[in-house]
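Student: Could you have a look at this structure, given as structure tokens, before my questions?
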Amino acid sequence: MTGTTAGPALVAGPAAQTPPPAPPAKRRQDRAGYLFLLPWFVGMLFTVIPFFASLYLAFTDYNLLTPPRWTGLANFREMLGDPLLHQALKVTFIYTFVSVPLSLAAALGVAMLLSRGVRGLPVYRAVFYLPSLLGGSVAIVLLWKYIFGLDGIVNGLLGWFGIEGPAWTADPDHALTTLIVLHIWTFGSPMVIFLAGLRQIPVMYYEAAAIDGASRWRRFRSITLPLLSPIIFFNLIQSLISSFQTFTQGFVMSNGTGGPANSTLFYNLYLYQKGFSQFDMGYASAMAWMLLVIIAAFTALNFLAAKYWVHYDN
Amino acid sequence: MTDHPARAGRAAPSRRDLMRMAGLSALGLGPAGCGRGFGGGGGGGGDGVQLTMVWWGDVERAKKTQAALAIFQKQNPGVTVKTEFQDSGPYKDKLATRFAAGDPPDLMAMRTDSLREYADRGALLDLTQHKDAVDVSALSEGARSLAAVDGKSYGIPAGLNSVAFVVNKAVTDKYGVKIPDGDTWSWEDLAAFGRAVTKASGKKVYGVNFETFNVGYLDVFIRQRGEDFYTAQGALGVTEGSITAWFEMIQRMRADGGFPPAGFIEDVGTSPEQSYQAKGLIAATIIPTNTFLVNNKACGGNLVMLRMPGETQGERRGQSIGCPHLWSIAAASKHPNEALKLLNFLINDTEGAKTTGTTRGVPSNSQVADAIKPRLERDDQVATDFLIDLQKEKLPPSYLHPPGSTKIVANLKTVAAEVEYKRRTPAQAAQAIIADGRKALGE
């Protein structure tokens, strides 16, 4: 969902890094750059207009069928006492804070294995990357539902060890776990970025450290981690943001209900139910803005904390 | 789910880059990209009037609908009908979005529990103002009142149906369990039957299963106790005691094996072939009568249709005549006259009804129903006879769901799951349903 907006910004990055007056050739290059960006700007229009419309709607009572009515902060006040909203926040927070660290750890682990010059690296890279392309798709979530079904593969494996597995997707105690596992499995995209980052770390550092007798763990702690920290930071922010916005997995797994017993009621899923099933688009808009505030707050916190652990070369 | 931009070339992005990227990602808020189109179908453009008609259902229903529309278009040169259909699940959300976008369909299938959400907000055409265009004289009083709101009418039943128990005779024969008499059986008989099947099959087949959160099924039980889930005035009529009794009955059946244990039934889809009954894991379940044909096909033609239990023991009858959905016309339709013509055709045209059969229930026009009956497939005839017999009896009416009921339906499903996993007792569940229900209805 978010990748589409983030993509072109990356392309813009290098151009924006050189502010001083540019020679004509450079300016021509800039123009070409903006020209290539044009489709993105046009696309942005379709985002910006609903964006501000939803800001207005957040302060109204809007049932989709009759014109919105201004109600001030009523929607936000209602949020304070809405138990389902609190449940949705709980689900989303648990999901995010469990699955993001685990998936990043998995991504880094696999990236380090692959960066040791495995033969056929492109193949491995593709194999590990594939799930993150598919993980959010309806088909994979459905497949997941069957794998974790009462008679699915997972319980079949557990059965070999004499363990009678629970109904993973139907039991409110386990439904979210299956989605967290699904998320961890889709570690491919941070992995690819880690892989690229690892290859940028000059080999001489390791050689020097090895000569000085540093252990493997020491090399990892003192060379790999600090030099990779900007990449870790980038992946962390990206994963947090996308994880807060999880929708498809919860929607498909529960047929849009957030069930069983609201155990997979993601914030965005509840937002969708409010807006499109319960005719309360004003409240849904207010929720969307609240999510923006939450994400902004967590991102800001991360940037503050980054001072203490992210190491920039420049 | 998000495809991170993989840029393998550069290693350390600057702080400013990161800030910019993070900000932009956050902008992509909300469940974007969840728009799944209606399954397409139907006529093309050309001169004259083009009507849009949307409904839910499967491919089988689509074929029958197209055949009927071909007849309508032949009768009305210059009018083309563009149909769009999809699954019942997402239909509701999609319809709401179309209205919000200012592009409502001319004619639409309307859920009985959604009608007032639209009608109360002036989004639908009042059909009592157009009595000349749509002839409802052949409809029974019950059928006409199904969509009445304060003396106005915002929809016409696309057909009539009820709910029924279906038992797989192949299973009961195999394990030597007798199917109870469907006209007189009680809820206790149902429990005993379920127990017997489960026991005789050694838990290979569970006796009974149905959606414990389904308002339509629950309502039968409630009416038998002299209450209505929603009253004629659109208030919550059900008491805590009745909901408690419902969940306690199911808990008991679960405890003694007639009903499958918690977690056995998973939400795997709604198609008849995927049903637990078709897979041979369940002997008896509840279905809407108009789906008997497809369900029986999926079960190899072994289904026997019974009335709901408790009909002769309760305070009053619990079964009532309802409809799978209504046909409504948007108040903002640009072609109300043609839309009314199409509505009239769907309700009253025998030739058209011959092609659609009883896919949306028994035609609400009784003359049409009589005329098409001999041509129906055998299973559809069984379901039709079942309904015709019911209609001859004195049954309690079924009332429209008030606005806000969408929340109640969602809440019922949540609470039913909590009871299943013993997170709430039946009494606590009943209390929650009533308390939240009152709030949702603004009582």
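Simple scheme: letters A, B, ... for chains in structure tokens order, numbers from 1 for residues in each chain, numbers from 1 for ligands in the order shown.
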Write out as an mmCIF file with C-alpha atoms, in the first residue's frame which residues come within 6 Å of stretch 221-227 of chain B when counting only C-alpha atoms, dropping same-chain ones fewer than 3 positions away.

Tutor:
```
data_model
loop_
_atom_site.group_PDB
_atom_site.id
_atom_site.type_symbol
_atom_site.label_atom_id
_atom_site.label_comp_id
_atom_site.auth_asym_id
_atom_site.auth_seq_id
_atom_site.Cartn_x
_atom_site.Cartn_y
_atom_site.Cartn_z
ATOM 1 C CA LEU B 218 -32.238 -16.950 16.315
ATOM 2 C CA VAL B 238 -35.786 -9.692 22.495
ATOM 3 C CA GLY B 314 -43.648 -22.980 21.644
ATOM 4 C CA GLU B 315 -45.934 -20.153 22.708
ATOM 5 C CA ARG B 316 -46.518 -19.417 19.059
ATOM 6 C CA ARG B 317 -45.047 -20.224 15.663
ATOM 7 C CA GLY B 318 -41.489 -19.137 15.013
#
```

Student: List the spatial neighbours of stretch 373-389 of chain B as a ChimeraX atom specification - criterion: any atom at most 10 Å away, only C-alpha atoms, same-chain residues fewer than 5 positions off excluded.

Tutor: /B:160-164,288-297,301,303-307,320-321,354-359,361-363,366,368

Student: Got time to write the residues from that selection, N, CA, C and O atoms, as a short mmCIF file (atom, residue, chain, number, x, y, z; two decimals), in the first residue's frame?

Tutor:
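Contents of part_14.cif, as written:
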```cif
data_model
loop_
_atom_site.label_atom_id
_atom_site.label_comp_id
_atom_site.auth_asym_id
_atom_site.auth_seq_id
_atom_site.Cartn_x
_atom_site.Cartn_y
_atom_site.Cartn_z
N LEU B 160 -39.92 -14.92 -2.18
CA LEU B 160 -40.20 -15.23 -0.79
C LEU B 160 -39.43 -16.48 -0.39
O LEU B 160 -39.27 -17.40 -1.18
N ASN B 161 -38.98 -16.48 0.85
CA ASN B 161 -38.32 -17.69 1.35
C ASN B 161 -38.52 -17.80 2.84
O ASN B 161 -39.20 -16.98 3.46
N SER B 162 -37.98 -18.82 3.40
CA SER B 162 -37.99 -19.01 4.84
C SER B 162 -36.72 -19.76 5.17
O SER B 162 -35.85 -19.90 4.30
N VAL B 163 -36.61 -20.23 6.39
CA VAL B 163 -35.46 -21.07 6.71
C VAL B 163 -35.94 -22.48 6.99
O VAL B 163 -37.09 -22.69 7.36
N ALA B 164 -35.08 -23.45 6.79
CA ALA B 164 -35.46 -24.85 7.00
C ALA B 164 -34.25 -25.65 7.43
O ALA B 164 -33.11 -25.27 7.14
N PRO B 288 -31.38 -21.16 3.99
CA PRO B 288 -32.52 -20.43 3.42
C PRO B 288 -33.17 -21.33 2.36
O PRO B 288 -32.45 -21.97 1.58
N THR B 289 -34.49 -21.39 2.33
CA THR B 289 -35.15 -22.38 1.48
C THR B 289 -34.82 -22.22 -0.01
O THR B 289 -34.78 -23.20 -0.74
N ASN B 290 -34.55 -20.99 -0.45
CA ASN B 290 -34.30 -20.80 -1.88
C ASN B 290 -32.96 -21.38 -2.32
O ASN B 290 -32.68 -21.47 -3.50
N THR B 291 -32.13 -21.78 -1.35
CA THR B 291 -30.85 -22.36 -1.73
C THR B 291 -30.88 -23.89 -1.65
O THR B 291 -29.84 -24.53 -1.73
N PHE B 292 -32.07 -24.46 -1.51
CA PHE B 292 -32.17 -25.91 -1.39
C PHE B 292 -31.58 -26.62 -2.61
O PHE B 292 -30.84 -27.58 -2.50
N LEU B 293 -31.91 -26.10 -3.78
CA LEU B 293 -31.43 -26.73 -5.03
C LEU B 293 -29.91 -26.85 -5.06
O LEU B 293 -29.37 -27.95 -5.25
N VAL B 294 -29.23 -25.74 -4.82
CA VAL B 294 -27.76 -25.77 -4.92
C VAL B 294 -27.16 -26.61 -3.80
O VAL B 294 -26.18 -27.33 -4.00
N ASN B 295 -27.75 -26.50 -2.61
CA ASN B 295 -27.22 -27.30 -1.49
C ASN B 295 -27.44 -28.79 -1.70
O ASN B 295 -26.57 -29.60 -1.40
N ASN B 296 -28.61 -29.13 -2.22
CA ASN B 296 -28.90 -30.55 -2.44
C ASN B 296 -27.98 -31.11 -3.53
O ASN B 296 -27.53 -32.26 -3.47
N LYS B 297 -27.71 -30.29 -4.54
CA LYS B 297 -26.79 -30.70 -5.60
C LYS B 297 -25.42 -31.01 -4.99
O LYS B 297 -24.80 -32.03 -5.29
N GLY B 301 -27.87 -34.88 -3.75
CA GLY B 301 -29.32 -35.12 -3.82
C GLY B 301 -29.88 -35.90 -2.65
O GLY B 301 -30.96 -36.47 -2.75
N LEU B 303 -30.53 -34.61 0.47
CA LEU B 303 -31.06 -33.79 1.55
C LEU B 303 -32.58 -33.96 1.71
O LEU B 303 -33.31 -34.05 0.73
N VAL B 304 -32.98 -33.97 2.97
CA VAL B 304 -34.41 -33.98 3.31
C VAL B 304 -34.69 -32.67 4.03
O VAL B 304 -33.91 -32.24 4.87
N MET B 305 -35.81 -32.04 3.65
CA MET B 305 -36.11 -30.72 4.20
C MET B 305 -37.11 -30.83 5.36
O MET B 305 -38.17 -31.43 5.21
N LEU B 306 -36.75 -30.24 6.48
CA LEU B 306 -37.63 -30.25 7.65
C LEU B 306 -37.94 -28.82 8.08
O LEU B 306 -37.16 -27.91 7.80
N ARG B 307 -39.05 -28.65 8.78
CA ARG B 307 -39.31 -27.35 9.37
C ARG B 307 -38.38 -27.13 10.55
O ARG B 307 -37.73 -28.06 11.02
N SER B 320 -41.35 -17.71 9.81
CA SER B 320 -42.14 -16.68 9.14
C SER B 320 -41.66 -16.60 7.70
O SER B 320 -40.65 -17.20 7.33
N ILE B 321 -42.42 -15.87 6.91
CA ILE B 321 -42.04 -15.72 5.51
C ILE B 321 -41.18 -14.47 5.37
O ILE B 321 -41.57 -13.39 5.82
N LYS B 354 -40.09 -17.44 -15.57
CA LYS B 354 -39.78 -18.81 -15.98
C LYS B 354 -38.28 -19.02 -16.11
O LYS B 354 -37.77 -20.12 -15.86
N THR B 355 -37.58 -17.97 -16.54
CA THR B 355 -36.13 -18.12 -16.70
C THR B 355 -35.40 -18.03 -15.37
O THR B 355 -34.40 -18.69 -15.16
N THR B 356 -35.90 -17.18 -14.45
CA THR B 356 -35.19 -17.03 -13.19
C THR B 356 -35.58 -18.11 -12.18
O THR B 356 -34.82 -18.38 -11.25
N GLY B 357 -36.74 -18.70 -12.34
CA GLY B 357 -37.16 -19.76 -11.42
C GLY B 357 -37.27 -19.25 -10.00
O GLY B 357 -37.80 -18.16 -9.75
N THR B 358 -36.72 -20.02 -9.07
CA THR B 358 -36.82 -19.60 -7.66
C THR B 358 -35.45 -19.31 -7.08
O THR B 358 -35.22 -19.47 -5.89
N THR B 359 -34.52 -18.83 -7.94
CA THR B 359 -33.19 -18.54 -7.44
C THR B 359 -33.21 -17.46 -6.36
O THR B 359 -32.36 -17.41 -5.49
N GLY B 361 -35.93 -17.02 -4.42
CA GLY B 361 -37.12 -17.35 -3.64
C GLY B 361 -38.32 -17.54 -4.56
O GLY B 361 -38.25 -17.30 -5.77
N VAL B 362 -39.43 -17.99 -3.97
CA VAL B 362 -40.65 -18.19 -4.74
C VAL B 362 -41.19 -16.81 -5.13
O VAL B 362 -41.27 -15.93 -4.28
N PRO B 363 -41.51 -16.59 -6.42
CA PRO B 363 -42.00 -15.27 -6.83
C PRO B 363 -43.09 -14.75 -5.88
O PRO B 363 -43.96 -15.49 -5.46
N SER B 366 -48.28 -14.36 -6.58
CA SER B 366 -48.69 -15.76 -6.46
C SER B 366 -49.14 -16.36 -7.80
O SER B 366 -48.96 -17.55 -8.03
N VAL B 368 -47.79 -15.66 -10.69
CA VAL B 368 -46.54 -16.02 -11.36
C VAL B 368 -45.98 -17.30 -10.75
O VAL B 368 -45.54 -18.21 -11.45
#
```

Student: Can you list, as a PyMOL selection string, every residue of stretch 41-205 of chain B that DSSP puts in strand (DSSP E or B)?

Tutor: chain B and resi 49-56+79-86+107-110+124+139+148-149+152-153+156-157+160-161+163-168
